[in-house]
Amino acid sequence: MMKKDMIGDPMSRVDGRLKVTGGATYSGEYKVAGLTYGVLVPATITSGTVTAIDTKAALRAPGVLTVITSFNAIKLPGYHNDAERPVKGLKLFNDNKIYFNSQPIALVVADTFERATYAATLVKATYQTAPFETDFHKNLDKGVVPQGGRYKDYVRGEADAYKNAPVKVEQEYMLPSEMHNPMELHVTTAFWDGDKVTLYTKSQGVKSSQRSVAAVFGIPAENVQINSRFVGGAFGSSLRTWPHEIAAAQAAKMIGKPVKLTLTREQMFTLVGYRPLTIQKIGLGATADGKLVGITHESHSQSSVYEEFTENSVNVSRFLYASPNANTRYKIIPLNVGVPTPMRGPGEATGSFALESALDELSYQLKMDPIELRLKNYTDMDPERNLPWSSKYLKECYQLGAQKIGWENRKPQPATARDGDWLIGYGIGCGAFGAYRSAAQAKLTLTPDGKVNIKSATSDIGPGTATAMVLIAADILGLPAENITFELGNSAFPMAPTQGGSATVSSVGSAVHDVCIAFKNKMLLLAGKPQNSEEKLDYVAVLKEANLPLLEITQESKGGENAQKYSMYSFSSHFAQVYVHPLTGMIKVKKVVAVVDAGKIVNLKTASSQMIGGAVGGIGMAMTEEAVMDDRYGKLVNGNFADYHVPVNADIPQIEALFIDKPDPIINPIGTKGIGEISLIGVAAAIANAVYNATGKRIRELPITPDKLV
Ligand code: MOS
């Protein structure tokens, strides 16, 4: 019989039926006895202090249980102690300071959500205002190098060497702030039992949430239970524990009742991070035959005045192409805004838009095909770290993508290809994202009915983590997938890293791999067979023979030792075909082809879905998404889905996701490199470059809206 359920198969989601039938329980859907509802009240100033809050009217409103403000909130030890790792970020209700507009100043708790929402409108604060700055462009000269050594200026060879090259590009690229906006709102339900607290919360990392909550409340981690079994999208916005999650637990403690705190869509624009507004300067210098001699990449990014946020926007320019000279500079500009947070392809997506746009500009100056230019500057080792790649099949990505998009139809001269009234263009954008792996544990249990259960405290924010883990286990154990369950999203499970940085399959998948191997060897031992033998065992019979009620085994898989000897990245090449209507400036993305070298692909079906989802995010970044600040008031003016445009079905063309699917021999036993972030990196540049090819108009400020083309 042919083996069933193997790594690489296209397997449907193990929790798909639950998700489409409403059987999947999300953080806001748990029925907790005596539940109360919390609604946050936003500050109406942008900087200053709250001098008084009148809560009398709110407290008299029907159903209101309490109104929590900095004037009456219980003090939280972690907000005050001078521990070595003090709790970072905004400390809600801890003092009277206002750092940004709409920062919460009160939490109204009532017996229904509607009553809490109404009472929140009755809270009246008086303020002492202070000067504020939200205007990024006005403050461009106030950039600071972030703390710590990581963001120091980088120089290889000579700085700004591009300036003396025979052919050069020197341009500035801008992207606005962009919000993650997962479909599921951020919700936390919190309740206490003595000095133990339970949170149902939208989290990418239940273990890190557990640590954060324990630190803030000054209680042992084992007193904190975090559940986040289903997450309706996050894209980075749940990588950390946010102040509102702490506030829910704080309120629950104060009133002795469970509290559910749901952010409004508008609050999702200010309280859970975003991709920061960034201006980048790229200098590229090349010889007349297209060899890069210098790359300079400078970035200025928005951050908050109360917490520093940094990301790797300039790093890609140090290693993606061969160049004897390369230098990068990175600064952040602290403003009176909420703190940004990583958003899918964090930094790398931003940096790649600038670098890949500039490279495209260079190709036209050189009158050279953009793929040929990339091949000319291809590098078989990492020029930044002077190390070999663990694996790299970017050339193969170029070739496959070019073939699938129909690159041979691209006209080298812009604005010369037409289909009726429409101009046609083709573009390419490439990217890389670190292939990370960290330690993780998995616990496997075999029961006498022949079912295998595996647990690990990872999360699934959408990629289909449980499905991938079941497939890995099914392959190694030689069992059908339906005999295996994988549980996640619970802080009581064995340790796993936060789901982020595209590292879950590499980290947790390795733990599942290792625990399955350990289990097989345990079975072989019980059956009196040699270790690591390929012999197929009847696990139930072995269990019975050994007189065991069940078998439990926990394994930790460490990672990372090869990270010192190799440079490990996923690589991608995105291609776009666009139609542009020259009279109206309307752009139709006709086709996107995403080709990825992400090592071995575990589940072809969910991996393709993930690539398509990332491309949709990239289309939003390229064409529709832009947070607009009114700098007179320091307030966002489009914090809703009517005015902030995420791409909709009508914006999305045929998207083809293709994988090189060659296992990386170095990074982990499965050979996977990760796809979560790389799925978005390169998309915006591919579209911008296609728009240029179609129209001859170079748009260096995202999003590419029709007004910029007419
Ligand atoms: Mo990803 S931005 O690490 O969720």
# chains A, B, ... in the order shown; residues from 1 in each chain; ligands from 1
call {"tool": "residues_around", "arguments": {"residues": "range 280-293 of chain A", "least_positions_apart": "6", "cutoff": "6 Å", "atoms": "only C-alpha atoms", "output": "PDB file with N, CA and C atoms, in the first residue's frame"}}
result
ATOM      1  N   TYR A 162      28.444  54.529  -4.510  1.00  0.00           N
ATOM      2  CA  TYR A 162      27.618  54.640  -5.725  1.00  0.00           C
ATOM      3  C   TYR A 162      27.800  55.986  -6.413  1.00  0.00           C
ATOM      4  N   ALA A 165      30.046  56.069  -9.414  1.00  0.00           N
ATOM      5  CA  ALA A 165      29.878  55.031 -10.443  1.00  0.00           C
ATOM      6  C   ALA A 165      29.442  55.646 -11.765  1.00  0.00           C
ATOM      7  N   PRO A 166      29.780  54.976 -12.882  1.00  0.00           N
ATOM      8  CA  PRO A 166      29.390  55.498 -14.203  1.00  0.00           C
ATOM      9  C   PRO A 166      27.871  55.603 -14.385  1.00  0.00           C
ATOM     10  N   VAL A 167      27.128  54.637 -13.816  1.00  0.00           N
ATOM     11  CA  VAL A 167      25.661  54.699 -13.932  1.00  0.00           C
ATOM     12  C   VAL A 167      25.109  54.689 -12.519  1.00  0.00           C
ATOM     13  N   LYS A 168      24.186  55.607 -12.224  1.00  0.00           N
ATOM     14  CA  LYS A 168      23.682  55.596 -10.855  1.00  0.00           C
ATOM     15  C   LYS A 168      22.221  56.012 -10.729  1.00  0.00           C
ATOM     16  N   VAL A 169      21.655  55.540  -9.648  1.00  0.00           N
ATOM     17  CA  VAL A 169      20.291  55.903  -9.264  1.00  0.00           C
ATOM     18  C   VAL A 169      20.374  56.447  -7.848  1.00  0.00           C
ATOM     19  N   GLU A 170      19.684  57.554  -7.615  1.00  0.00           N
ATOM     20  CA  GLU A 170      19.636  58.109  -6.262  1.00  0.00           C
ATOM     21  C   GLU A 170      18.210  58.591  -6.062  1.00  0.00           C
ATOM     22  N   GLN A 171      17.444  57.863  -5.279  1.00  0.00           N
ATOM     23  CA  GLN A 171      16.028  58.180  -5.168  1.00  0.00           C
ATOM     24  C   GLN A 171      15.515  57.981  -3.762  1.00  0.00           C
ATOM     25  N   GLU A 172      14.343  58.564  -3.528  1.00  0.00           N
ATOM     26  CA  GLU A 172      13.709  58.482  -2.221  1.00  0.00           C
ATOM     27  C   GLU A 172      12.357  57.780  -2.376  1.00  0.00           C
ATOM     28  N   TYR A 173      12.066  56.894  -1.434  1.00  0.00           N
ATOM     29  CA  TYR A 173      10.830  56.101  -1.497  1.00  0.00           C
ATOM     30  C   TYR A 173      10.089  56.246  -0.175  1.00  0.00           C
ATOM     31  N   SER A 299      17.239  54.754   5.967  1.00  0.00           N
ATOM     32  CA  SER A 299      15.823  54.695   6.291  1.00  0.00           C
ATOM     33  C   SER A 299      15.509  55.544   7.514  1.00  0.00           C
ATOM     34  N   SER A 323      27.985  43.305  -4.121  1.00  0.00           N
ATOM     35  CA  SER A 323      28.509  44.646  -4.349  1.00  0.00           C
ATOM     36  C   SER A 323      29.687  44.825  -3.404  1.00  0.00           C
ATOM     37  N   PRO A 324      30.816  45.254  -3.951  1.00  0.00           N
ATOM     38  CA  PRO A 324      31.993  45.399  -3.065  1.00  0.00           C
ATOM     39  C   PRO A 324      31.766  46.463  -1.991  1.00  0.00           C
TER      40      PRO A 324
END
call {"tool": "residues_around", "arguments": {"residues": "range 26-38 of chain A", "least_positions_apart": "6", "cutoff": "10 Å", "atoms": "only C-alpha atoms", "output": "PyMOL selection string"}}
result
chain A and resi 19+63-68+106-117+120+184-191+199-203+227-232+244+247-248+251-252+255+257-263
call {"tool": "residues_near_ligand", "arguments": {"ligand": "ligand 1", "cutoff": "9 Å", "atoms": "only C-alpha atoms and all ligand atoms", "output": "list in words"}}
result
Gln204, Ala234, Phe235, Gly236, Ser237, Ser238, Leu239, Thr341, Pro342, Met343, Arg344, Gly345, Pro346, Ile461, Thr498, Gln499, Gly500, Gly501, Ser502, Ala503, Gly676 and Glu677 of chain A
call {"tool": "closest_residue", "arguments": {"among": "A:Tyr393, A:Trp242, A:Tyr566, A:Tyr321", "to": "Gly338 in chain A", "atoms": "only C-alpha atoms"}}
result
A:Trp242
call {"tool": "residues_around", "arguments": {"residues": "range 44-53 of chain A", "least_positions_apart": "3", "cutoff": "10 Å", "atoms": "only C-alpha atoms", "output": "number ranges by chain"}}
result
A: 41, 56, 69-71, 95-106, 123-134, 336-337, 633-635
call {"tool": "residues_around", "arguments": {"residues": "Met586 in chain A", "least_positions_apart": "4", "cutoff": "9 Å", "atoms": "only C-alpha atoms", "output": "ChimeraX atom specification"}}
result
/A:579-582,705-707,709
call {"tool": "write_last_selection", "arguments": {"atoms": "N, CA, C and O atoms", "output": "compact mmCIF listing (two decimals), in the first residue's frame"}}
result
# COMPACT_ATOMS: atom_id res chain seq x y z
N TYR A 579 -2.59 46.17 -15.71
CA TYR A 579 -3.22 46.96 -16.76
C TYR A 579 -3.47 48.34 -16.16
O TYR A 579 -4.00 48.43 -15.05
N VAL A 580 -3.10 49.38 -16.87
CA VAL A 580 -3.35 50.73 -16.37
C VAL A 580 -4.16 51.49 -17.43
O VAL A 580 -3.83 51.46 -18.61
N HIS A 581 -5.21 52.13 -16.96
CA HIS A 581 -6.04 52.94 -17.85
C HIS A 581 -5.50 54.36 -17.81
O HIS A 581 -5.63 55.05 -16.80
N PRO A 582 -4.88 54.83 -18.88
CA PRO A 582 -4.14 56.09 -18.79
C PRO A 582 -5.02 57.31 -18.53
O PRO A 582 -4.56 58.28 -17.91
N THR A 705 -2.15 55.16 -6.01
CA THR A 705 -3.57 55.46 -6.25
C THR A 705 -3.69 56.13 -7.63
O THR A 705 -2.71 56.70 -8.12
N PRO A 706 -4.88 56.09 -8.23
CA PRO A 706 -5.04 56.61 -9.60
C PRO A 706 -4.58 58.07 -9.76
O PRO A 706 -4.00 58.43 -10.79
N ASP A 707 -4.80 58.90 -8.71
CA ASP A 707 -4.43 60.31 -8.84
C ASP A 707 -2.94 60.50 -9.12
O ASP A 707 -2.53 61.50 -9.69
N LEU A 709 -1.25 58.82 -11.13
CA LEU A 709 -0.93 58.38 -12.49
C LEU A 709 -1.52 59.29 -13.57
O LEU A 709 -1.26 59.09 -14.75
call {"tool": "closest_atom_pairs", "arguments": {"of": "range 545-585 of chain A", "to": "range 396-404 of chain A", "cutoff": "10 Å", "atoms": "only C-alpha atoms", "output": "JSON lines"}}
result
{"residue": "A:Phe571", "atom": "CA", "partner": "A:Cys397", "partner_atom": "CA", "distance": 8.2}
{"residue": "A:Ser572", "atom": "CA", "partner": "A:Cys397", "partner_atom": "CA", "distance": 6.6}
{"residue": "A:Ser573", "atom": "CA", "partner": "A:Cys397", "partner_atom": "CA", "distance": 5.8}
{"residue": "A:His574", "atom": "CA", "partner": "A:Gly401", "partner_atom": "CA", "distance": 7.3}
{"residue": "A:Phe575", "atom": "CA", "partner": "A:Gly401", "partner_atom": "CA", "distance": 6.5}
{"residue": "A:Ala576", "atom": "CA", "partner": "A:Gly401", "partner_atom": "CA", "distance": 9.6}
call {"tool": "closest_residue", "arguments": {"among": "A:Leu394, A:Ala417, A:Ile553, A:Cys430", "to": "Lys455 in chain A", "atoms": "only C-alpha atoms"}}
result
A:Ile553
call {"tool": "residues_around", "arguments": {"residues": "Asn483 in chain A", "least_positions_apart": "2", "cutoff": "8 Å", "atoms": "only C-alpha atoms", "output": "list in words"}}
result
Gly450, Lys451, Val452, Leu479, Pro480, Ala481 and Thr485 of chain A
call {"tool": "residues_around", "arguments": {"residues": "range 684-699 of chain A", "least_positions_apart": "2", "cutoff": "8 Å", "atoms": "only C-alpha atoms", "output": "PyMOL selection string"}}
result
chain A and resi 352-354+356-357+360+411-417+423-430+574-580+582+589+618-619+621-622+681-682+701-702+704+708-709
call {"tool": "write_last_selection", "arguments": {"atoms": "N, CA and C atoms", "output": "CSV table (one decimal), in the first residue's frame"}}
result
chain,number,residue,atom,x,y,z
A,352,SER,N,12.6,46.2,0.9
A,352,SER,CA,12.6,45.6,-0.4
A,352,SER,C,11.8,46.5,-1.4
A,353,PHE,N,10.8,47.2,-0.9
A,353,PHE,CA,10.1,48.1,-1.8
A,353,PHE,C,11.1,49.1,-2.4
A,354,ALA,N,11.9,49.7,-1.5
A,354,ALA,CA,12.8,50.7,-1.9
A,354,ALA,C,14.0,50.1,-2.8
A,356,GLU,N,14.2,47.2,-4.4
A,356,GLU,CA,13.8,46.6,-5.7
A,356,GLU,C,13.2,47.6,-6.7
A,357,SER,N,12.7,48.7,-6.2
A,357,SER,CA,12.2,49.8,-7.1
A,357,SER,C,13.5,50.5,-7.7
A,360,ASP,N,15.1,48.4,-10.3
A,360,ASP,CA,14.3,48.5,-11.5
A,360,ASP,C,14.6,49.8,-12.3
A,411,LYS,N,7.6,44.5,-22.7
A,411,LYS,CA,8.3,45.4,-23.6
A,411,LYS,C,9.3,46.2,-22.8
A,412,PRO,N,10.6,46.2,-23.3
A,412,PRO,CA,11.6,46.9,-22.6
A,412,PRO,C,11.3,48.4,-22.5
A,413,GLN,N,10.6,48.9,-23.5
A,413,GLN,CA,10.3,50.3,-23.6
A,413,GLN,C,9.0,50.6,-22.8
A,414,PRO,N,9.0,51.4,-21.8
A,414,PRO,CA,7.7,51.6,-21.1
A,414,PRO,C,6.6,52.2,-21.9
A,415,ALA,N,5.4,52.0,-21.5
A,415,ALA,CA,4.2,52.6,-22.2
A,415,ALA,C,4.1,52.2,-23.6
A,416,THR,N,4.5,51.0,-24.0
A,416,THR,CA,4.4,50.7,-25.4
A,416,THR,C,3.5,49.4,-25.6
A,417,ALA,N,3.1,48.8,-24.6
A,417,ALA,CA,2.3,47.6,-24.7
A,417,ALA,C,0.8,48.0,-24.4
A,423,LEU,N,-2.9,50.2,-20.9
A,423,LEU,CA,-1.5,49.9,-21.0
A,423,LEU,C,-1.1,48.7,-20.2
A,424,ILE,N,-0.2,47.9,-20.7
A,424,ILE,CA,0.1,46.7,-20.0
A,424,ILE,C,1.6,46.8,-19.5
A,425,GLY,N,1.8,46.3,-18.3
A,425,GLY,CA,3.2,46.3,-17.8
A,425,GLY,C,3.5,45.1,-16.9
A,426,TYR,N,4.8,44.8,-16.9
A,426,TYR,CA,5.3,43.6,-16.1
A,426,TYR,C,6.3,44.1,-15.1
A,427,GLY,N,6.3,43.5,-13.9
A,427,GLY,CA,7.4,43.9,-13.0
A,427,GLY,C,7.8,42.8,-12.1
A,428,ILE,N,9.0,42.9,-11.6
A,428,ILE,CA,9.5,41.9,-10.6
A,428,ILE,C,10.0,42.6,-9.4
A,429,GLY,N,9.8,41.9,-8.2
A,429,GLY,CA,10.3,42.4,-6.9
A,429,GLY,C,10.8,41.2,-6.1
A,430,CYS,N,11.9,41.3,-5.6
A,430,CYS,CA,12.5,40.1,-4.8
A,430,CYS,C,12.7,40.4,-3.4
A,574,HIS,N,8.7,37.9,-6.7
A,574,HIS,CA,7.3,38.1,-7.1
A,574,HIS,C,7.2,38.8,-8.4
A,575,PHE,N,6.2,38.4,-9.2
A,575,PHE,CA,6.0,39.0,-10.5
A,575,PHE,C,4.6,39.5,-10.6
A,576,ALA,N,4.4,40.6,-11.3
A,576,ALA,CA,3.1,41.2,-11.4
A,576,ALA,C,2.9,41.6,-12.9
A,577,GLN,N,1.7,41.4,-13.4
A,577,GLN,CA,1.2,41.9,-14.6
A,577,GLN,C,0.1,42.9,-14.3
A,578,VAL,N,0.2,44.2,-14.8
A,578,VAL,CA,-0.8,45.1,-14.5
A,578,VAL,C,-1.4,45.7,-15.8
A,579,TYR,N,-2.6,46.2,-15.7
A,579,TYR,CA,-3.2,47.0,-16.8
A,579,TYR,C,-3.5,48.3,-16.2
A,580,VAL,N,-3.1,49.4,-16.9
A,580,VAL,CA,-3.4,50.7,-16.4
A,580,VAL,C,-4.2,51.5,-17.4
A,582,PRO,N,-4.9,54.8,-18.9
A,582,PRO,CA,-4.1,56.1,-18.8
A,582,PRO,C,-5.0,57.3,-18.5
A,589,VAL,N,-4.5,45.0,-11.3
A,589,VAL,CA,-3.5,43.9,-11.2
A,589,VAL,C,-4.1,42.7,-11.8
A,618,GLY,N,0.3,42.4,0.2
A,618,GLY,CA,1.2,43.2,-0.7
A,618,GLY,C,0.5,44.1,-1.6
A,619,ILE,N,-0.6,43.6,-2.2
A,619,ILE,CA,-1.4,44.4,-3.1
A,619,ILE,C,-2.0,45.6,-2.3
A,621,MET,N,-0.7,47.0,0.4
A,621,MET,CA,0.4,47.9,0.6
A,621,MET,C,0.7,48.7,-0.6
A,622,ALA,N,0.7,48.1,-1.8
A,622,ALA,CA,1.0,48.8,-3.0
A,622,ALA,C,0.0,49.7,-3.5
A,681,ILE,N,6.9,40.1,1.1
A,681,ILE,CA,8.1,40.9,0.7
A,681,ILE,C,8.3,40.9,-0.8
A,682,GLY,N,8.4,42.0,-1.4
A,682,GLY,CA,8.7,42.0,-2.8
A,682,GLY,C,7.4,42.3,-3.7
A,701,GLU,N,5.9,56.8,-4.0
A,701,GLU,CA,5.2,56.9,-2.7
A,701,GLU,C,4.0,56.0,-2.8
A,702,LEU,N,4.0,55.1,-1.9
A,702,LEU,CA,2.8,54.2,-1.8
A,702,LEU,C,1.7,54.8,-1.0
A,704,ILE,N,-0.1,53.3,-4.6
A,704,ILE,CA,-0.2,53.8,-6.0
A,704,ILE,C,-1.6,54.0,-6.3
A,708,LYS,N,-2.1,59.5,-8.7
A,708,LYS,CA,-0.7,59.7,-8.9
A,708,LYS,C,-0.3,59.3,-10.4
A,709,LEU,N,-1.3,58.8,-11.1
A,709,LEU,CA,-0.9,58.4,-12.5
A,709,LEU,C,-1.5,59.3,-13.6
call {"tool": "residues_around", "arguments": {"residues": "Ala439 in chain A", "least_positions_apart": "3", "cutoff": "8 Å", "atoms": "only C-alpha atoms", "output": "list in words"}}
result
Ala496, Pro497, Ser507, Val508, Glu556, Ser557, Lys558 and Gly559 of chain A
